[in-house]
Amino acid sequence: MKVLILQGSPRANGNTAWMAEEYKKAAEAAGHEVKLVNVSRKKIAGCLACEYCHGKGEGACIQKDDMQELYPLMNEAEALVLAAPIYYFTLCAQIQAPIQRMYCVNKPSKVSKMALLCSSYSPGVYDGAKAEFRNICNYWQVEDMGVVTAKIDEQKTEDTKQKVIDLAKKL
Ligand SMILES: Cc1cc2nc3c(=O)[nH]c(=O)nc-3n(C[C@H](O)[C@H](O)[C@H](O)COP(=O)(O)O)c2cc1C
């Protein structure tokens with residue numbers, strides 16, 4: 001399966017980047033083709049709601065930023081994994097932007113499964129992110145493979161690594 005992981009944390013040695021790498025290793029070990037993109041290093045603006053894409057643009061976005069590199073990857077992917085730190089009780093903006101920029105084509109055309117990897121400092125802060133993730137799965141009519149979360153005392157632990165490996169087995 002072609003798997004695309006979008007990693008949204010700007011902290012290269014943080015927990016989200018670590019979970020994304022562990023997921024990649026586990027998925028590759030199972031024979032999947034995995035592409036991991038650190039979207040926090042990309043310049044991806046929010047949707048302008050200009051509707052160019054639904055008119056003259058015929059599905060193309062008018063904004064020529066780094067999302068142009070992501071569109072082909074999103075449209076080739078069969079499974080999509082979002083890896084995001086919690087910022088203010090929801091998915092970080094770095095992950096929200098590429099998802100919302102899919103407005104031009106409505107959904108990634110081949111994705112049939114999605115998973116979410118999330119990091120936070122505190123416990124009990126995942127409701128917003130989980131709800132958003134599940135709403136997107138429903139809206140795009142893709143299978144929700146599940147969510148792994150790691151608050152501060154669960155980060156980079158063997159237990160969390162095993163949960164990430166188990167999640168990758170659902171591909
Ligand atoms: C702008 C910002 C907002 C944050 N908001 C929350 C929050 O609402 N709840 C929480 O538990 N942690 C919050 N955090 C802490 C991060 O979620 C936490 O440090 C997480 O481990 C970061 O992931 P990373 O290690 O992959 O970068 C916030 C951090 C930043 C920088």
# chains A, B, ... in the order shown; residues from 1 in each chain; ligands from 1
$ residues_near_ligand --ligand "ligand 1" --cutoff "8 Å" --atoms "only C-alpha atoms and all ligand atoms" --output "ChimeraX atom specification"
/A:8-18,84-90,92,118-125,150-152,155
$ write_last_selection --atoms "C-alpha atoms" --output "mmCIF file, in the first residue's frame"
data_model
loop_
_atom_site.group_PDB
_atom_site.id
_atom_site.type_symbol
_atom_site.label_atom_id
_atom_site.label_comp_id
_atom_site.auth_asym_id
_atom_site.auth_seq_id
_atom_site.Cartn_x
_atom_site.Cartn_y
_atom_site.Cartn_z
ATOM 1 C CA GLY A 8 3.304 18.601 11.578
ATOM 2 C CA SER A 9 5.629 19.282 14.487
ATOM 3 C CA PRO A 10 8.400 21.828 13.967
ATOM 4 C CA ARG A 11 10.443 20.042 16.673
ATOM 5 C CA ALA A 12 12.674 17.661 14.721
ATOM 6 C CA ASN A 13 13.530 15.656 17.838
ATOM 7 C CA GLY A 14 10.096 15.885 19.404
ATOM 8 C CA ASN A 15 7.660 13.088 20.130
ATOM 9 C CA THR A 16 5.476 13.544 17.030
ATOM 10 C CA ALA A 17 8.482 13.209 14.709
ATOM 11 C CA TRP A 18 9.531 10.117 16.682
ATOM 12 C CA ALA A 84 0.363 16.270 14.991
ATOM 13 C CA PRO A 85 1.146 17.891 18.301
ATOM 14 C CA ILE A 86 -1.833 19.313 20.150
ATOM 15 C CA TYR A 87 -1.780 23.100 20.006
ATOM 16 C CA TYR A 88 -4.565 24.807 21.951
ATOM 17 C CA PHE A 89 -6.654 21.648 22.283
ATOM 18 C CA THR A 90 -6.651 20.707 18.606
ATOM 19 C CA CYS A 92 -1.599 22.012 15.048
ATOM 20 C CA CYS A 118 -0.848 12.888 18.496
ATOM 21 C CA SER A 119 1.426 14.380 21.181
ATOM 22 C CA SER A 120 0.585 16.731 24.015
ATOM 23 C CA TYR A 121 1.901 17.888 27.339
ATOM 24 C CA SER A 122 -1.237 17.301 29.382
ATOM 25 C CA PRO A 123 -3.684 14.426 29.652
ATOM 26 C CA GLY A 124 -7.305 14.828 28.514
ATOM 27 C CA VAL A 125 -6.679 17.294 25.692
ATOM 28 C CA ALA A 150 1.227 10.395 23.949
ATOM 29 C CA LYS A 151 1.168 12.955 26.753
ATOM 30 C CA ILE A 152 4.443 14.016 28.296
ATOM 31 C CA GLN A 155 6.550 10.090 24.997
#
$ residues_around --residues "region 63-68 of chain A" --least-positions-apart "5" --cutoff "8 Å" --atoms "only C-alpha atoms" --output "NGL selection string"
:A and (42-45 or 98 or 101)
$ closest_residue --among "A:Gln100, A:Thr160, A:Ser109, A:Asn135" --to "Ala49 (chain A)" --atoms "only C-alpha atoms"
A:Gln100
$ closest_residue --among "A:Ala168, A:Val142, A:Tyr103, A:Asp127" --to "Cys53 (chain A)" --atoms "only C-alpha atoms"
A:Tyr103
$ select_by_dssp --residues "region 97-144 of chain A" --states "strand (DSSP E)" --output "VMD selection string"
chain A and resid 113 to 119 143 to 144
$ write_last_selection --atoms "N, CA and C atoms" --output "compact mmCIF listing (two decimals), in the first residue's frame"
# COMPACT_ATOMS: atom_id res chain seq x y z
N LYS A 113 -7.85 4.66 3.95
CA LYS A 113 -7.64 4.46 5.39
C LYS A 113 -6.87 5.63 5.96
N MET A 114 -7.20 6.00 7.19
CA MET A 114 -6.44 7.06 7.85
C MET A 114 -6.15 6.70 9.30
N ALA A 115 -5.03 7.25 9.81
CA ALA A 115 -4.68 7.07 11.22
C ALA A 115 -4.15 8.40 11.75
N LEU A 116 -4.19 8.54 13.07
CA LEU A 116 -3.74 9.78 13.71
C LEU A 116 -2.74 9.47 14.82
N LEU A 117 -1.62 10.20 14.82
CA LEU A 117 -0.62 10.12 15.89
C LEU A 117 -0.57 11.51 16.53
N CYS A 118 -0.73 11.58 17.84
CA CYS A 118 -0.85 12.89 18.50
C CYS A 118 0.01 12.97 19.75
N SER A 119 0.64 14.13 19.97
CA SER A 119 1.43 14.38 21.18
C SER A 119 0.87 15.59 21.91
N GLU A 143 -11.69 4.51 6.04
CA GLU A 143 -11.65 3.76 7.29
C GLU A 143 -10.80 4.49 8.33
N ASP A 144 -11.31 4.57 9.53
CA ASP A 144 -10.56 5.14 10.66
C ASP A 144 -9.78 4.00 11.29
$ closest_residue --among "A:Leu36, A:Ala131, A:Cys61, A:Val105" --to "Ala83 (chain A)" --atoms "only C-alpha atoms"
A:Leu36
$ select_by_dssp --residues "region 3-169 of chain A" --states "helix (DSSP H, G or I)" --output "VMD selection string"
chain A and resid 15 to 29 39 to 41 67 to 76 93 to 104 127 to 140 152 to 154 158 to 168
$ closest_residue --among "A:Leu91, A:Val147, A:Met74, A:Ala60" --to "Cys104 (chain A)" --atoms "only C-alpha atoms"
A:Ala60
$ residues_around --residues "Glu78 (chain A)" --least-positions-apart "6" --cutoff "12 Å" --atoms "only C-alpha atoms" --output "PyMOL selection string"
chain A and resi 1-5+32-35+107-115+142-143+171
$ decode --residues "region 49-91 of chain A" --atoms "N, CA and C atoms" --output "PDB file, in the first residue's frame"
ATOM      1  N   ALA A  49     -10.593  30.435   0.034  1.00  0.00           N
ATOM      2  CA  ALA A  49     -12.034  30.378  -0.245  1.00  0.00           C
ATOM      3  C   ALA A  49     -12.397  31.245  -1.453  1.00  0.00           C
ATOM      4  N   CYS A  50     -11.486  31.338  -2.406  1.00  0.00           N
ATOM      5  CA  CYS A  50     -11.730  32.184  -3.583  1.00  0.00           C
ATOM      6  C   CYS A  50     -12.572  31.460  -4.631  1.00  0.00           C
ATOM      7  N   GLU A  51     -12.659  30.146  -4.497  1.00  0.00           N
ATOM      8  CA  GLU A  51     -13.447  29.294  -5.404  1.00  0.00           C
ATOM      9  C   GLU A  51     -12.873  29.221  -6.819  1.00  0.00           C
ATOM     10  N   TYR A  52     -11.636  29.713  -6.998  1.00  0.00           N
ATOM     11  CA  TYR A  52     -10.972  29.571  -8.311  1.00  0.00           C
ATOM     12  C   TYR A  52     -10.942  28.098  -8.721  1.00  0.00           C
ATOM     13  N   CYS A  53     -10.644  27.234  -7.741  1.00  0.00           N
ATOM     14  CA  CYS A  53     -10.504  25.791  -8.034  1.00  0.00           C
ATOM     15  C   CYS A  53     -11.796  25.173  -8.558  1.00  0.00           C
ATOM     16  N   HIS A  54     -12.934  25.715  -8.094  1.00  0.00           N
ATOM     17  CA  HIS A  54     -14.214  25.141  -8.513  1.00  0.00           C
ATOM     18  C   HIS A  54     -14.771  25.824  -9.766  1.00  0.00           C
ATOM     19  N   GLY A  55     -13.998  26.741 -10.326  1.00  0.00           N
ATOM     20  CA  GLY A  55     -14.414  27.427 -11.553  1.00  0.00           C
ATOM     21  C   GLY A  55     -13.324  27.289 -12.601  1.00  0.00           C
ATOM     22  N   LYS A  56     -12.718  28.436 -12.905  1.00  0.00           N
ATOM     23  CA  LYS A  56     -11.652  28.492 -13.922  1.00  0.00           C
ATOM     24  C   LYS A  56     -10.526  27.487 -13.684  1.00  0.00           C
ATOM     25  N   GLY A  57     -10.205  27.261 -12.432  1.00  0.00           N
ATOM     26  CA  GLY A  57      -9.062  26.408 -12.086  1.00  0.00           C
ATOM     27  C   GLY A  57      -9.274  24.931 -12.370  1.00  0.00           C
ATOM     28  N   GLU A  58     -10.512  24.532 -12.515  1.00  0.00           N
ATOM     29  CA  GLU A  58     -10.857  23.121 -12.791  1.00  0.00           C
ATOM     30  C   GLU A  58     -10.111  22.153 -11.866  1.00  0.00           C
ATOM     31  N   GLY A  59     -10.190  22.439 -10.582  1.00  0.00           N
ATOM     32  CA  GLY A  59      -9.577  21.537  -9.596  1.00  0.00           C
ATOM     33  C   GLY A  59      -8.201  21.953  -9.130  1.00  0.00           C
ATOM     34  N   ALA A  60      -7.618  22.950  -9.791  1.00  0.00           N
ATOM     35  CA  ALA A  60      -6.284  23.415  -9.385  1.00  0.00           C
ATOM     36  C   ALA A  60      -6.412  24.617  -8.467  1.00  0.00           C
ATOM     37  N   CYS A  61      -5.544  24.665  -7.458  1.00  0.00           N
ATOM     38  CA  CYS A  61      -5.544  25.791  -6.512  1.00  0.00           C
ATOM     39  C   CYS A  61      -4.801  26.974  -7.112  1.00  0.00           C
ATOM     40  N   ILE A  62      -5.302  28.152  -6.826  1.00  0.00           N
ATOM     41  CA  ILE A  62      -4.644  29.358  -7.369  1.00  0.00           C
ATOM     42  C   ILE A  62      -3.339  29.679  -6.627  1.00  0.00           C
ATOM     43  N   GLN A  63      -3.209  29.162  -5.409  1.00  0.00           N
ATOM     44  CA  GLN A  63      -2.018  29.477  -4.603  1.00  0.00           C
ATOM     45  C   GLN A  63      -0.868  28.550  -4.999  1.00  0.00           C
ATOM     46  N   LYS A  64       0.222  29.115  -5.437  1.00  0.00           N
ATOM     47  CA  LYS A  64       1.359  28.299  -5.877  1.00  0.00           C
ATOM     48  C   LYS A  64       2.413  28.268  -4.765  1.00  0.00           C
ATOM     49  N   ASP A  65       2.101  27.578  -3.716  1.00  0.00           N
ATOM     50  CA  ASP A  65       3.058  27.417  -2.623  1.00  0.00           C
ATOM     51  C   ASP A  65       3.467  25.945  -2.541  1.00  0.00           C
ATOM     52  N   ASP A  66       4.034  25.518  -1.405  1.00  0.00           N
ATOM     53  CA  ASP A  66       4.549  24.137  -1.320  1.00  0.00           C
ATOM     54  C   ASP A  66       3.452  23.076  -1.369  1.00  0.00           C
ATOM     55  N   MET A  67       2.189  23.493  -1.311  1.00  0.00           N
ATOM     56  CA  MET A  67       1.100  22.524  -1.444  1.00  0.00           C
ATOM     57  C   MET A  67       1.155  21.869  -2.832  1.00  0.00           C
ATOM     58  N   GLN A  68       1.746  22.569  -3.786  1.00  0.00           N
ATOM     59  CA  GLN A  68       1.857  21.988  -5.135  1.00  0.00           C
ATOM     60  C   GLN A  68       2.658  20.687  -5.118  1.00  0.00           C
ATOM     61  N   GLU A  69       3.654  20.588  -4.216  1.00  0.00           N
ATOM     62  CA  GLU A  69       4.425  19.327  -4.087  1.00  0.00           C
ATOM     63  C   GLU A  69       3.566  18.244  -3.442  1.00  0.00           C
ATOM     64  N   LEU A  70       2.665  18.673  -2.554  1.00  0.00           N
ATOM     65  CA  LEU A  70       1.878  17.698  -1.796  1.00  0.00           C
ATOM     66  C   LEU A  70       0.693  17.132  -2.576  1.00  0.00           C
ATOM     67  N   TYR A  71       0.106  17.923  -3.469  1.00  0.00           N
ATOM     68  CA  TYR A  71      -1.089  17.435  -4.193  1.00  0.00           C
ATOM     69  C   TYR A  71      -0.847  16.073  -4.863  1.00  0.00           C
ATOM     70  N   PRO A  72       0.258  15.910  -5.625  1.00  0.00           N
ATOM     71  CA  PRO A  72       0.449  14.590  -6.251  1.00  0.00           C
ATOM     72  C   PRO A  72       0.628  13.475  -5.216  1.00  0.00           C
ATOM     73  N   LEU A  73       1.303  13.777  -4.111  1.00  0.00           N
ATOM     74  CA  LEU A  73       1.505  12.751  -3.077  1.00  0.00           C
ATOM     75  C   LEU A  73       0.177  12.391  -2.417  1.00  0.00           C
ATOM     76  N   MET A  74      -0.645  13.406  -2.158  1.00  0.00           N
ATOM     77  CA  MET A  74      -1.960  13.159  -1.546  1.00  0.00           C
ATOM     78  C   MET A  74      -2.829  12.326  -2.487  1.00  0.00           C
ATOM     79  N   ASN A  75      -2.712  12.597  -3.768  1.00  0.00           N
ATOM     80  CA  ASN A  75      -3.589  11.905  -4.718  1.00  0.00           C
ATOM     81  C   ASN A  75      -3.091  10.524  -5.114  1.00  0.00           C
ATOM     82  N   GLU A  76      -1.820  10.224  -4.806  1.00  0.00           N
ATOM     83  CA  GLU A  76      -1.277   8.882  -5.042  1.00  0.00           C
ATOM     84  C   GLU A  76      -1.465   7.985  -3.819  1.00  0.00           C
ATOM     85  N   ALA A  77      -1.555   8.609  -2.627  1.00  0.00           N
ATOM     86  CA  ALA A  77      -1.584   7.840  -1.366  1.00  0.00           C
ATOM     87  C   ALA A  77      -2.836   6.990  -1.260  1.00  0.00           C
ATOM     88  N   GLU A  78      -2.641   5.778  -0.707  1.00  0.00           N
ATOM     89  CA  GLU A  78      -3.787   4.887  -0.434  1.00  0.00           C
ATOM     90  C   GLU A  78      -4.133   4.892   1.052  1.00  0.00           C
ATOM     91  N   ALA A  79      -3.161   5.271   1.856  1.00  0.00           N
ATOM     92  CA  ALA A  79      -3.405   5.448   3.298  1.00  0.00           C
ATOM     93  C   ALA A  79      -2.749   6.758   3.718  1.00  0.00           C
ATOM     94  N   LEU A  80      -3.429   7.495   4.579  1.00  0.00           N
ATOM     95  CA  LEU A  80      -2.923   8.795   5.023  1.00  0.00           C
ATOM     96  C   LEU A  80      -2.824   8.801   6.546  1.00  0.00           C
ATOM     97  N   VAL A  81      -1.626   9.146   7.040  1.00  0.00           N
ATOM     98  CA  VAL A  81      -1.402   9.207   8.485  1.00  0.00           C
ATOM     99  C   VAL A  81      -1.099  10.653   8.856  1.00  0.00           C
ATOM    100  N   LEU A  82      -1.854  11.177   9.806  1.00  0.00           N
ATOM    101  CA  LEU A  82      -1.606  12.532  10.290  1.00  0.00           C
ATOM    102  C   LEU A  82      -0.858  12.426  11.609  1.00  0.00           C
ATOM    103  N   ALA A  83       0.252  13.136  11.725  1.00  0.00           N
ATOM    104  CA  ALA A  83       1.033  13.139  12.968  1.00  0.00           C
ATOM    105  C   ALA A  83       1.115  14.581  13.442  1.00  0.00           C
ATOM    106  N   ALA A  84       0.511  14.865  14.599  1.00  0.00           N
ATOM    107  CA  ALA A  84       0.363  16.270  14.991  1.00  0.00           C
ATOM    108  C   ALA A  84       0.504  16.465  16.493  1.00  0.00           C
ATOM    109  N   PRO A  85       1.242  17.486  16.907  1.00  0.00           N
ATOM    110  CA  PRO A  85       1.146  17.891  18.301  1.00  0.00           C
ATOM    111  C   PRO A  85      -0.186  18.602  18.540  1.00  0.00           C
ATOM    112  N   ILE A  86      -0.645  18.548  19.773  1.00  0.00           N
ATOM    113  CA  ILE A  86      -1.833  19.313  20.150  1.00  0.00           C
ATOM    114  C   ILE A  86      -1.395  20.746  20.445  1.00  0.00           C
ATOM    115  N   TYR A  87      -1.978  21.681  19.722  1.00  0.00           N
ATOM    116  CA  TYR A  87      -1.780  23.100  20.006  1.00  0.00           C
ATOM    117  C   TYR A  87      -3.163  23.672  20.338  1.00  0.00           C
ATOM    118  N   TYR A  88      -3.291  24.215  21.503  1.00  0.00           N
ATOM    119  CA  TYR A  88      -4.565  24.807  21.951  1.00  0.00           C
ATOM    120  C   TYR A  88      -5.746  23.860  21.725  1.00  0.00           C
ATOM    121  N   PHE A  89      -5.575  22.643  22.234  1.00  0.00           N
ATOM    122  CA  PHE A  89      -6.654  21.648  22.283  1.00  0.00           C
ATOM    123  C   PHE A  89      -7.098  21.105  20.929  1.00  0.00           C
ATOM    124  N   THR A  90      -6.287  21.293  19.897  1.00  0.00           N
ATOM    125  CA  THR A  90      -6.651  20.707  18.606  1.00  0.00           C
ATOM    126  C   THR A  90      -5.402  20.392  17.794  1.00  0.00           C
ATOM    127  N   LEU A  91      -5.596  19.881  16.574  1.00  0.00           N
ATOM    128  CA  LEU A  91      -4.463  19.582  15.702  1.00  0.00           C
ATOM    129  C   LEU A  91      -3.724  20.875  15.387  1.00  0.00           C
TER     130      LEU A  91
END
